[in-house]
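Pasting upload_8.cif here (mmCIF, N, CA and C atoms):
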```cif
data_run
loop_
_atom_site.label_atom_id
_atom_site.label_comp_id
_atom_site.auth_asym_id
_atom_site.auth_seq_id
_atom_site.Cartn_x
_atom_site.Cartn_y
_atom_site.Cartn_z
N MET A 1145 -12.31 -17.07 -13.28
CA MET A 1145 -11.87 -15.76 -13.73
C MET A 1145 -12.93 -14.72 -13.38
N TYR A 1146 -12.44 -13.55 -13.01
CA TYR A 1146 -13.33 -12.46 -12.63
C TYR A 1146 -13.18 -11.32 -13.64
N LYS A 1147 -14.30 -10.80 -14.10
CA LYS A 1147 -14.27 -9.59 -14.90
C LYS A 1147 -13.85 -8.45 -13.98
N ILE A 1148 -13.40 -7.36 -14.57
CA ILE A 1148 -12.88 -6.25 -13.76
C ILE A 1148 -13.94 -5.73 -12.78
N GLY A 1149 -15.20 -5.67 -13.20
CA GLY A 1149 -16.26 -5.20 -12.30
C GLY A 1149 -16.45 -6.12 -11.11
N GLU A 1150 -16.38 -7.41 -11.34
CA GLU A 1150 -16.49 -8.38 -10.25
C GLU A 1150 -15.29 -8.27 -9.33
N PHE A 1151 -14.13 -8.07 -9.93
CA PHE A 1151 -12.90 -7.97 -9.14
C PHE A 1151 -12.91 -6.72 -8.27
N VAL A 1152 -13.47 -5.65 -8.80
CA VAL A 1152 -13.62 -4.41 -8.04
C VAL A 1152 -14.49 -4.67 -6.81
N GLU A 1153 -15.59 -5.38 -7.00
CA GLU A 1153 -16.48 -5.69 -5.87
C GLU A 1153 -15.80 -6.58 -4.84
N LEU A 1154 -15.03 -7.54 -5.31
CA LEU A 1154 -14.34 -8.46 -4.39
C LEU A 1154 -13.27 -7.76 -3.56
N THR A 1155 -12.53 -6.87 -4.19
CA THR A 1155 -11.36 -6.29 -3.53
C THR A 1155 -11.60 -4.92 -2.92
N GLY A 1156 -12.56 -4.19 -3.46
CA GLY A 1156 -12.77 -2.82 -3.01
C GLY A 1156 -11.86 -1.82 -3.72
N LEU A 1157 -10.98 -2.32 -4.59
CA LEU A 1157 -10.16 -1.42 -5.39
C LEU A 1157 -11.01 -0.84 -6.51
N THR A 1158 -10.67 0.35 -6.95
CA THR A 1158 -11.41 0.94 -8.06
C THR A 1158 -10.83 0.46 -9.39
N LYS A 1159 -11.61 0.63 -10.45
CA LYS A 1159 -11.11 0.28 -11.78
C LYS A 1159 -9.88 1.12 -12.12
N GLU A 1160 -9.91 2.38 -11.70
CA GLU A 1160 -8.78 3.27 -11.97
C GLU A 1160 -7.53 2.78 -11.26
N THR A 1161 -7.69 2.33 -10.02
CA THR A 1161 -6.55 1.80 -9.27
C THR A 1161 -6.01 0.55 -9.93
N LEU A 1162 -6.90 -0.33 -10.35
CA LEU A 1162 -6.46 -1.55 -11.03
C LEU A 1162 -5.70 -1.22 -12.30
N ARG A 1163 -6.19 -0.27 -13.05
CA ARG A 1163 -5.50 0.13 -14.29
C ARG A 1163 -4.14 0.74 -13.98
N TYR A 1164 -4.10 1.56 -12.93
CA TYR A 1164 -2.82 2.16 -12.52
C TYR A 1164 -1.85 1.08 -12.06
N TYR A 1165 -2.33 0.15 -11.24
CA TYR A 1165 -1.47 -0.94 -10.77
C TYR A 1165 -0.94 -1.75 -11.95
N GLU A 1166 -1.76 -1.92 -12.97
CA GLU A 1166 -1.30 -2.62 -14.17
C GLU A 1166 -0.22 -1.80 -14.88
N GLU A 1167 -0.45 -0.50 -14.97
CA GLU A 1167 0.48 0.40 -15.66
C GLU A 1167 1.87 0.38 -15.01
N VAL A 1168 1.91 0.31 -13.67
CA VAL A 1168 3.20 0.33 -12.97
C VAL A 1168 3.69 -1.09 -12.64
N ASN A 1169 3.04 -2.08 -13.24
CA ASN A 1169 3.43 -3.49 -13.09
C ASN A 1169 3.29 -4.03 -11.67
N LEU A 1170 2.31 -3.54 -10.95
CA LEU A 1170 2.04 -4.07 -9.61
C LEU A 1170 1.08 -5.25 -9.67
N LEU A 1171 0.05 -5.13 -10.47
CA LEU A 1171 -0.97 -6.16 -10.55
C LEU A 1171 -1.52 -6.21 -11.96
N GLU A 1172 -1.11 -7.22 -12.67
CA GLU A 1172 -1.56 -7.36 -14.05
C GLU A 1172 -2.72 -8.34 -14.10
N PRO A 1173 -3.65 -8.12 -15.02
CA PRO A 1173 -4.73 -9.08 -15.17
C PRO A 1173 -4.16 -10.45 -15.54
N ALA A 1174 -4.87 -11.50 -15.16
CA ALA A 1174 -4.45 -12.85 -15.52
C ALA A 1174 -4.62 -13.07 -17.01
N TYR A 1175 -5.60 -12.37 -17.59
CA TYR A 1175 -5.87 -12.55 -19.01
C TYR A 1175 -6.53 -11.29 -19.55
N ILE A 1176 -6.12 -10.88 -20.74
CA ILE A 1176 -6.78 -9.79 -21.46
C ILE A 1176 -7.29 -10.37 -22.77
N ASP A 1177 -8.59 -10.28 -22.94
CA ASP A 1177 -9.21 -10.81 -24.16
C ASP A 1177 -8.75 -9.97 -25.35
N PRO A 1178 -8.09 -10.58 -26.31
CA PRO A 1178 -7.57 -9.81 -27.44
C PRO A 1178 -8.67 -9.22 -28.34
N ASP A 1179 -9.86 -9.78 -28.28
CA ASP A 1179 -10.96 -9.28 -29.12
C ASP A 1179 -11.57 -7.99 -28.59
N ASN A 1180 -11.69 -7.90 -27.27
CA ASN A 1180 -12.38 -6.73 -26.71
C ASN A 1180 -11.58 -6.00 -25.63
N ASN A 1181 -10.37 -6.47 -25.34
CA ASN A 1181 -9.50 -5.88 -24.31
C ASN A 1181 -10.08 -5.97 -22.90
N TYR A 1182 -11.07 -6.82 -22.68
CA TYR A 1182 -11.60 -7.00 -21.32
C TYR A 1182 -10.52 -7.65 -20.48
N ARG A 1183 -10.43 -7.17 -19.26
CA ARG A 1183 -9.43 -7.69 -18.33
C ARG A 1183 -10.10 -8.70 -17.39
N TYR A 1184 -9.39 -9.79 -17.16
CA TYR A 1184 -9.88 -10.83 -16.27
C TYR A 1184 -8.82 -11.12 -15.21
N TYR A 1185 -9.30 -11.34 -14.01
CA TYR A 1185 -8.43 -11.61 -12.88
C TYR A 1185 -8.77 -12.98 -12.32
N ASP A 1186 -7.78 -13.62 -11.69
CA ASP A 1186 -8.01 -14.94 -11.12
C ASP A 1186 -7.76 -14.91 -9.61
N ASP A 1187 -7.78 -16.09 -9.00
CA ASP A 1187 -7.60 -16.16 -7.54
C ASP A 1187 -6.21 -15.69 -7.12
N GLY A 1188 -5.21 -15.94 -7.95
CA GLY A 1188 -3.86 -15.43 -7.67
C GLY A 1188 -3.84 -13.91 -7.66
N SER A 1189 -4.57 -13.32 -8.60
CA SER A 1189 -4.69 -11.86 -8.66
C SER A 1189 -5.36 -11.34 -7.39
N TYR A 1190 -6.35 -12.09 -6.93
CA TYR A 1190 -7.08 -11.70 -5.71
C TYR A 1190 -6.14 -11.68 -4.51
N PHE A 1191 -5.31 -12.70 -4.38
CA PHE A 1191 -4.33 -12.75 -3.29
C PHE A 1191 -3.39 -11.55 -3.36
N LEU A 1192 -2.88 -11.27 -4.55
CA LEU A 1192 -1.96 -10.15 -4.71
C LEU A 1192 -2.65 -8.82 -4.42
N ALA A 1193 -3.91 -8.69 -4.84
CA ALA A 1193 -4.66 -7.45 -4.56
C ALA A 1193 -4.81 -7.25 -3.06
N LEU A 1194 -5.12 -8.33 -2.33
CA LEU A 1194 -5.25 -8.21 -0.88
C LEU A 1194 -3.93 -7.80 -0.23
N LEU A 1195 -2.84 -8.35 -0.75
CA LEU A 1195 -1.52 -7.98 -0.25
C LEU A 1195 -1.25 -6.50 -0.51
N LEU A 1196 -1.55 -6.03 -1.70
CA LEU A 1196 -1.34 -4.62 -2.03
C LEU A 1196 -2.19 -3.70 -1.16
N ILE A 1197 -3.42 -4.10 -0.92
CA ILE A 1197 -4.30 -3.32 -0.05
C ILE A 1197 -3.70 -3.21 1.34
N LYS A 1198 -3.22 -4.31 1.85
CA LYS A 1198 -2.62 -4.32 3.19
C LYS A 1198 -1.36 -3.46 3.23
N LEU A 1199 -0.53 -3.55 2.20
CA LEU A 1199 0.69 -2.74 2.15
C LEU A 1199 0.35 -1.26 2.13
N ARG A 1200 -0.70 -0.88 1.39
CA ARG A 1200 -1.12 0.52 1.38
C ARG A 1200 -1.60 0.95 2.77
N GLU A 1201 -2.33 0.07 3.45
CA GLU A 1201 -2.78 0.37 4.81
C GLU A 1201 -1.58 0.58 5.74
N PHE A 1202 -0.49 -0.13 5.47
CA PHE A 1202 0.72 0.00 6.27
C PHE A 1202 1.54 1.23 5.89
N GLY A 1203 1.09 1.96 4.88
CA GLY A 1203 1.78 3.18 4.48
C GLY A 1203 2.89 2.98 3.46
N PHE A 1204 2.91 1.83 2.79
CA PHE A 1204 3.93 1.61 1.77
C PHE A 1204 3.68 2.54 0.60
N THR A 1205 4.75 3.08 0.04
CA THR A 1205 4.64 3.88 -1.17
C THR A 1205 4.49 2.93 -2.37
N ILE A 1206 4.14 3.48 -3.50
CA ILE A 1206 4.03 2.67 -4.72
C ILE A 1206 5.39 2.02 -5.01
N GLN A 1207 6.47 2.78 -4.88
CA GLN A 1207 7.79 2.21 -5.16
C GLN A 1207 8.12 1.07 -4.20
N GLU A 1208 7.76 1.22 -2.93
CA GLU A 1208 7.99 0.14 -1.97
C GLU A 1208 7.16 -1.09 -2.33
N MET A 1209 5.92 -0.84 -2.78
CA MET A 1209 5.07 -1.96 -3.18
C MET A 1209 5.65 -2.67 -4.41
N ILE A 1210 6.22 -1.90 -5.32
CA ILE A 1210 6.85 -2.49 -6.50
C ILE A 1210 8.02 -3.36 -6.07
N THR A 1211 8.80 -2.90 -5.11
CA THR A 1211 9.92 -3.69 -4.59
C THR A 1211 9.43 -5.02 -4.05
N VAL A 1212 8.33 -5.00 -3.30
CA VAL A 1212 7.76 -6.23 -2.77
C VAL A 1212 7.34 -7.15 -3.90
N MET A 1213 6.63 -6.60 -4.89
CA MET A 1213 6.09 -7.43 -5.97
C MET A 1213 7.18 -7.95 -6.90
N GLU A 1214 8.29 -7.24 -7.02
CA GLU A 1214 9.38 -7.72 -7.86
C GLU A 1214 10.04 -8.97 -7.28
N ASP A 1215 9.96 -9.11 -5.96
CA ASP A 1215 10.49 -10.30 -5.29
C ASP A 1215 9.36 -11.32 -5.25
N GLU A 1216 9.18 -12.02 -6.35
CA GLU A 1216 8.02 -12.89 -6.52
C GLU A 1216 7.92 -13.99 -5.47
N SER A 1217 9.02 -14.31 -4.83
CA SER A 1217 8.98 -15.34 -3.79
C SER A 1217 8.52 -14.76 -2.46
N PHE A 1218 8.47 -13.44 -2.38
CA PHE A 1218 8.12 -12.72 -1.14
C PHE A 1218 9.07 -13.08 -0.01
N GLU A 1219 10.28 -13.48 -0.39
CA GLU A 1219 11.29 -13.90 0.59
C GLU A 1219 11.62 -12.77 1.56
N HIS A 1220 11.60 -11.53 1.07
CA HIS A 1220 12.00 -10.40 1.90
C HIS A 1220 10.81 -9.60 2.43
N LEU A 1221 9.61 -10.14 2.27
CA LEU A 1221 8.41 -9.40 2.67
C LEU A 1221 8.42 -9.09 4.17
N GLU A 1222 8.72 -10.07 4.99
CA GLU A 1222 8.73 -9.83 6.44
C GLU A 1222 9.76 -8.76 6.79
N GLU A 1223 10.91 -8.83 6.17
CA GLU A 1223 11.97 -7.85 6.41
C GLU A 1223 11.50 -6.44 6.05
N LEU A 1224 10.83 -6.30 4.91
CA LEU A 1224 10.34 -5.00 4.48
C LEU A 1224 9.24 -4.48 5.39
N VAL A 1225 8.36 -5.37 5.83
CA VAL A 1225 7.28 -4.96 6.73
C VAL A 1225 7.85 -4.54 8.09
N LEU A 1226 8.83 -5.28 8.57
CA LEU A 1226 9.46 -4.91 9.84
C LEU A 1226 10.20 -3.58 9.73
N GLU A 1227 10.82 -3.33 8.59
CA GLU A 1227 11.49 -2.04 8.36
C GLU A 1227 10.46 -0.91 8.36
N LYS A 1228 9.32 -1.15 7.73
CA LYS A 1228 8.25 -0.15 7.71
C LYS A 1228 7.77 0.11 9.14
N ARG A 1229 7.63 -0.96 9.92
CA ARG A 1229 7.20 -0.83 11.33
C ARG A 1229 8.19 0.03 12.11
N LYS A 1230 9.47 -0.23 11.91
CA LYS A 1230 10.52 0.53 12.59
C LYS A 1230 10.44 2.01 12.21
N ASN A 1231 10.22 2.29 10.93
CA ASN A 1231 10.10 3.68 10.48
C ASN A 1231 8.87 4.36 11.09
N ILE A 1232 7.78 3.64 11.17
CA ILE A 1232 6.56 4.19 11.77
C ILE A 1232 6.80 4.50 13.25
N GLN A 1233 7.47 3.57 13.95
CA GLN A 1233 7.77 3.81 15.37
C GLN A 1233 8.65 5.04 15.55
N MET A 1234 9.60 5.23 14.63
CA MET A 1234 10.47 6.41 14.69
C MET A 1234 9.65 7.68 14.46
N GLN A 1235 8.72 7.63 13.51
CA GLN A 1235 7.85 8.78 13.25
C GLN A 1235 7.00 9.10 14.47
N ILE A 1236 6.50 8.06 15.14
CA ILE A 1236 5.69 8.26 16.35
C ILE A 1236 6.53 8.96 17.42
N ARG A 1237 7.76 8.50 17.62
CA ARG A 1237 8.63 9.13 18.62
C ARG A 1237 8.88 10.60 18.29
N LYS A 1238 9.11 10.89 16.99
CA LYS A 1238 9.35 12.27 16.58
C LYS A 1238 8.10 13.12 16.82
N LEU A 1239 6.94 12.58 16.51
CA LEU A 1239 5.70 13.33 16.73
C LEU A 1239 5.44 13.54 18.22
N GLN A 1240 5.74 12.53 19.04
CA GLN A 1240 5.58 12.70 20.49
C GLN A 1240 6.53 13.77 21.01
N GLN A 1241 7.75 13.80 20.49
CA GLN A 1241 8.72 14.82 20.89
C GLN A 1241 8.23 16.20 20.47
N THR A 1242 7.68 16.28 19.28
CA THR A 1242 7.17 17.57 18.80
C THR A 1242 6.00 18.04 19.65
N THR A 1243 5.09 17.14 20.00
CA THR A 1243 3.95 17.55 20.84
C THR A 1243 4.44 17.99 22.22
N GLN A 1244 5.47 17.33 22.73
CA GLN A 1244 6.03 17.73 24.03
C GLN A 1244 6.64 19.13 23.91
N GLU A 1245 7.35 19.39 22.83
CA GLU A 1245 7.94 20.71 22.61
C GLU A 1245 6.85 21.77 22.47
N ILE A 1246 5.76 21.44 21.82
CA ILE A 1246 4.64 22.38 21.70
C ILE A 1246 4.07 22.69 23.08
N ASP A 1247 3.87 21.65 23.88
CA ASP A 1247 3.35 21.84 25.24
C ASP A 1247 4.29 22.73 26.06
N GLU A 1248 5.59 22.49 25.94
CA GLU A 1248 6.57 23.30 26.67
C GLU A 1248 6.55 24.74 26.18
N PHE A 1249 6.40 24.92 24.89
CA PHE A 1249 6.35 26.26 24.30
C PHE A 1249 5.13 27.02 24.82
N ILE A 1250 3.98 26.34 24.83
CA ILE A 1250 2.75 26.96 25.34
C ILE A 1250 2.90 27.30 26.82
N ALA A 1251 3.45 26.36 27.57
CA ALA A 1251 3.63 26.58 29.02
C ALA A 1251 4.57 27.75 29.28
N SER A 1252 5.63 27.86 28.50
CA SER A 1252 6.58 28.97 28.72
C SER A 1252 5.93 30.29 28.37
N GLY A 1253 5.04 30.30 27.39
CA GLY A 1253 4.33 31.54 27.04
C GLY A 1253 3.39 31.97 28.15
N LYS A 1254 2.79 31.01 28.83
CA LYS A 1254 1.88 31.33 29.93
C LYS A 1254 2.66 31.85 31.12
N GLU A 1255 3.86 31.32 31.34
CA GLU A 1255 4.69 31.79 32.45
C GLU A 1255 5.09 33.25 32.25
N ASP A 1256 5.36 33.62 31.00
CA ASP A 1256 5.78 34.98 30.69
C ASP A 1256 4.67 36.00 30.93
N THR A 1257 3.41 35.56 30.79
CA THR A 1257 2.30 36.49 30.94
C THR A 1257 1.82 36.60 32.38
N GLN A 1258 2.34 35.78 33.24
CA GLN A 1258 1.87 35.83 34.63
C GLN A 1258 2.73 36.71 35.48
#
```
Starting from the coordinates I provided, produce the structure as structure tokens.
Amino acid sequence: MYKIGEFVELTGLTKETLRYYEEVNLLEPAYIDPDNNYRYYDDGSYFLALLLIKLREFGFTIQEMITVMEDESFEHLEELVLEKRKNIQMQIRKLQQTTQEIDEFIASGKEDTQ
């Protein structure tokens, strides 16, 4: 079992993030000491924390992360990650189109001044 400070060092998550994740039922401590309310995390918690960190890096929203965590078997995890990938690729295409339109706009302005 890891005390919250140790778990923070292991995962890189802040205490505030851990408390928030607990509040929204993303990552609950493995044990809360009833005498002092100290939170303890275990190796399973560590695995879940690493998964949450990776999902955040992938741009998952809190609600999307909750959807992943509610499916405790992670049966649909690959599907959700692939959907996120598809959305990111669509955003990239839109941004590339926008940059092309900006370039065309700038070029047309230069043509008008010549």
Checklist line | All residues 8 Å or closer to Phe1202 (chain A), only N, CA and C atoms, same chain fewer than 5 positions away omitted, as a list in words | finding: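 Neighbouring residues, sequence-local ones excluded: Leu1196, Ile1197, Lys1228 and Arg1229 of chain A.
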Checklist line | For Ala1174 (chain A), the nearest of the candidates A:Phe1249, A:Ile1148, A:Asp1186, A:Glu1160, counting all atoms listed in the file | finding: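 Once distances to Ala1174 (chain A) are computed over all atoms listed in the file, the minimum belongs to A:Asp1186.
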Item checked: Expected selection from the PyMOL selection byres (((chain A and resi 1151 and name CA) around 10) and name CA), given as number ranges by chain -> A: 1145-1150, 1152-1159, 1162, 1183-1187, 1189-1190, 1193
Write out the residues from the selection above, keeping N, CA and C atoms, as a PDB file, in the frame of the given file.
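File written: selection.pdb
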```pdb
ATOM      1  N   MET A1145     -12.310 -17.070 -13.280  1.00  0.00           N
ATOM      2  CA  MET A1145     -11.870 -15.760 -13.730  1.00  0.00           C
ATOM      3  C   MET A1145     -12.930 -14.720 -13.380  1.00  0.00           C
ATOM      4  N   TYR A1146     -12.440 -13.550 -13.010  1.00  0.00           N
ATOM      5  CA  TYR A1146     -13.330 -12.460 -12.630  1.00  0.00           C
ATOM      6  C   TYR A1146     -13.180 -11.320 -13.640  1.00  0.00           C
ATOM      7  N   LYS A1147     -14.300 -10.800 -14.100  1.00  0.00           N
ATOM      8  CA  LYS A1147     -14.270  -9.590 -14.900  1.00  0.00           C
ATOM      9  C   LYS A1147     -13.850  -8.450 -13.980  1.00  0.00           C
ATOM     10  N   ILE A1148     -13.400  -7.360 -14.570  1.00  0.00           N
ATOM     11  CA  ILE A1148     -12.880  -6.250 -13.760  1.00  0.00           C
ATOM     12  C   ILE A1148     -13.940  -5.730 -12.780  1.00  0.00           C
ATOM     13  N   GLY A1149     -15.200  -5.670 -13.200  1.00  0.00           N
ATOM     14  CA  GLY A1149     -16.260  -5.200 -12.300  1.00  0.00           C
ATOM     15  C   GLY A1149     -16.450  -6.120 -11.110  1.00  0.00           C
ATOM     16  N   GLU A1150     -16.380  -7.410 -11.340  1.00  0.00           N
ATOM     17  CA  GLU A1150     -16.490  -8.380 -10.250  1.00  0.00           C
ATOM     18  C   GLU A1150     -15.290  -8.270  -9.330  1.00  0.00           C
ATOM     19  N   VAL A1152     -13.470  -5.650  -8.800  1.00  0.00           N
ATOM     20  CA  VAL A1152     -13.620  -4.410  -8.040  1.00  0.00           C
ATOM     21  C   VAL A1152     -14.490  -4.670  -6.810  1.00  0.00           C
ATOM     22  N   GLU A1153     -15.590  -5.380  -7.000  1.00  0.00           N
ATOM     23  CA  GLU A1153     -16.480  -5.690  -5.870  1.00  0.00           C
ATOM     24  C   GLU A1153     -15.800  -6.580  -4.840  1.00  0.00           C
ATOM     25  N   LEU A1154     -15.030  -7.540  -5.310  1.00  0.00           N
ATOM     26  CA  LEU A1154     -14.340  -8.460  -4.390  1.00  0.00           C
ATOM     27  C   LEU A1154     -13.270  -7.760  -3.560  1.00  0.00           C
ATOM     28  N   THR A1155     -12.530  -6.870  -4.190  1.00  0.00           N
ATOM     29  CA  THR A1155     -11.360  -6.290  -3.530  1.00  0.00           C
ATOM     30  C   THR A1155     -11.600  -4.920  -2.920  1.00  0.00           C
ATOM     31  N   GLY A1156     -12.560  -4.190  -3.460  1.00  0.00           N
ATOM     32  CA  GLY A1156     -12.770  -2.820  -3.010  1.00  0.00           C
ATOM     33  C   GLY A1156     -11.860  -1.820  -3.720  1.00  0.00           C
ATOM     34  N   LEU A1157     -10.980  -2.320  -4.590  1.00  0.00           N
ATOM     35  CA  LEU A1157     -10.160  -1.420  -5.390  1.00  0.00           C
ATOM     36  C   LEU A1157     -11.010  -0.840  -6.510  1.00  0.00           C
ATOM     37  N   THR A1158     -10.670   0.350  -6.950  1.00  0.00           N
ATOM     38  CA  THR A1158     -11.410   0.940  -8.060  1.00  0.00           C
ATOM     39  C   THR A1158     -10.830   0.460  -9.390  1.00  0.00           C
ATOM     40  N   LYS A1159     -11.610   0.630 -10.450  1.00  0.00           N
ATOM     41  CA  LYS A1159     -11.110   0.280 -11.780  1.00  0.00           C
ATOM     42  C   LYS A1159      -9.880   1.120 -12.120  1.00  0.00           C
ATOM     43  N   LEU A1162      -6.900  -0.330 -10.350  1.00  0.00           N
ATOM     44  CA  LEU A1162      -6.460  -1.550 -11.030  1.00  0.00           C
ATOM     45  C   LEU A1162      -5.700  -1.220 -12.300  1.00  0.00           C
ATOM     46  N   ARG A1183     -10.430  -7.170 -19.260  1.00  0.00           N
ATOM     47  CA  ARG A1183      -9.430  -7.690 -18.330  1.00  0.00           C
ATOM     48  C   ARG A1183     -10.100  -8.700 -17.390  1.00  0.00           C
ATOM     49  N   TYR A1184      -9.390  -9.790 -17.160  1.00  0.00           N
ATOM     50  CA  TYR A1184      -9.880 -10.830 -16.270  1.00  0.00           C
ATOM     51  C   TYR A1184      -8.820 -11.120 -15.210  1.00  0.00           C
ATOM     52  N   TYR A1185      -9.300 -11.340 -14.010  1.00  0.00           N
ATOM     53  CA  TYR A1185      -8.430 -11.610 -12.880  1.00  0.00           C
ATOM     54  C   TYR A1185      -8.770 -12.980 -12.320  1.00  0.00           C
ATOM     55  N   ASP A1186      -7.780 -13.620 -11.690  1.00  0.00           N
ATOM     56  CA  ASP A1186      -8.010 -14.940 -11.120  1.00  0.00           C
ATOM     57  C   ASP A1186      -7.760 -14.910  -9.610  1.00  0.00           C
ATOM     58  N   ASP A1187      -7.780 -16.090  -9.000  1.00  0.00           N
ATOM     59  CA  ASP A1187      -7.600 -16.160  -7.540  1.00  0.00           C
ATOM     60  C   ASP A1187      -6.210 -15.690  -7.120  1.00  0.00           C
ATOM     61  N   SER A1189      -4.570 -13.320  -8.600  1.00  0.00           N
ATOM     62  CA  SER A1189      -4.690 -11.860  -8.660  1.00  0.00           C
ATOM     63  C   SER A1189      -5.360 -11.340  -7.390  1.00  0.00           C
ATOM     64  N   TYR A1190      -6.350 -12.090  -6.930  1.00  0.00           N
ATOM     65  CA  TYR A1190      -7.080 -11.700  -5.710  1.00  0.00           C
ATOM     66  C   TYR A1190      -6.140 -11.680  -4.510  1.00  0.00           C
ATOM     67  N   ALA A1193      -3.910  -8.690  -4.840  1.00  0.00           N
ATOM     68  CA  ALA A1193      -4.660  -7.450  -4.560  1.00  0.00           C
ATOM     69  C   ALA A1193      -4.810  -7.250  -3.060  1.00  0.00           C
TER      70      ALA A1193
END
```
Note to self: Need to verify the contact set: region 1221-1227 of chain A, 6.5 Å, all atoms listed in the file, exclusion of same-chain residues closer than 4 positions in sequence. Can you return it as a count of residues only?
What the structure shows: 3
Next item on the list: Enter the distance from atom C of Glu1201 (chain A) to CA of Tyr1165 (chain A), in Å, rounded to one decimal.
Entry: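 We find that atom C of Glu1201 (chain A) and CA of Tyr1165 (chain A) lie 16.6 Å from each other.
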Notebook entry, point to check: What is the distance, in Å and to one decimal place, between atom N of Phe1191 (chain A) and atom C of Glu1216 (chain A)?
Noted result: 13.3 Å
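You will find atom C of Met1209 (chain A) at 9.0 Å from CA of Asn1169 (chain A).
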Next item on the list: Name the residues of region 1155-1229 of chain A that come out as alpha helix (DSSP H) in a backbone DSSP run; write them as JSON, numbers by chain.
Entry: {"A": [1155, 1159, 1160, 1161, 1162, 1163, 1164, 1165, 1166, 1167, 1187, 1188, 1189, 1190, 1191, 1192, 1193, 1194, 1195, 1196, 1197, 1198, 1199, 1200, 1201, 1206, 1207, 1208, 1209, 1210, 1211, 1212, 1213, 1214, 1221, 1222, 1223, 1224, 1225, 1226, 1227, 1228, 1229]}
Item checked: Filtered DSSP result for region 1157-1213 of chain A, state strand (DSSP E or B), as JSON, numbers by chain -> {"A": [1175, 1176, 1183, 1184, 1185]}
Check: Quick one: residues within 7 Å of Ile1210 (chain A), all atoms listed in the file counted, chain neighbours fewer than 5 positions away excluded, as a PyMOL selection string?
Finding: chain A and resi 1169-1170+1205+1215
Next item on the list: Select, from A:Ile1176, A:Thr1161, A:Gln1233, A:Leu1171, the residue with the minimum atom-to-atom distance to Gly1188 (chain A), counting only C-alpha atoms.
Entry: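 The closest residue to Gly1188 (chain A) is A:Leu1171.
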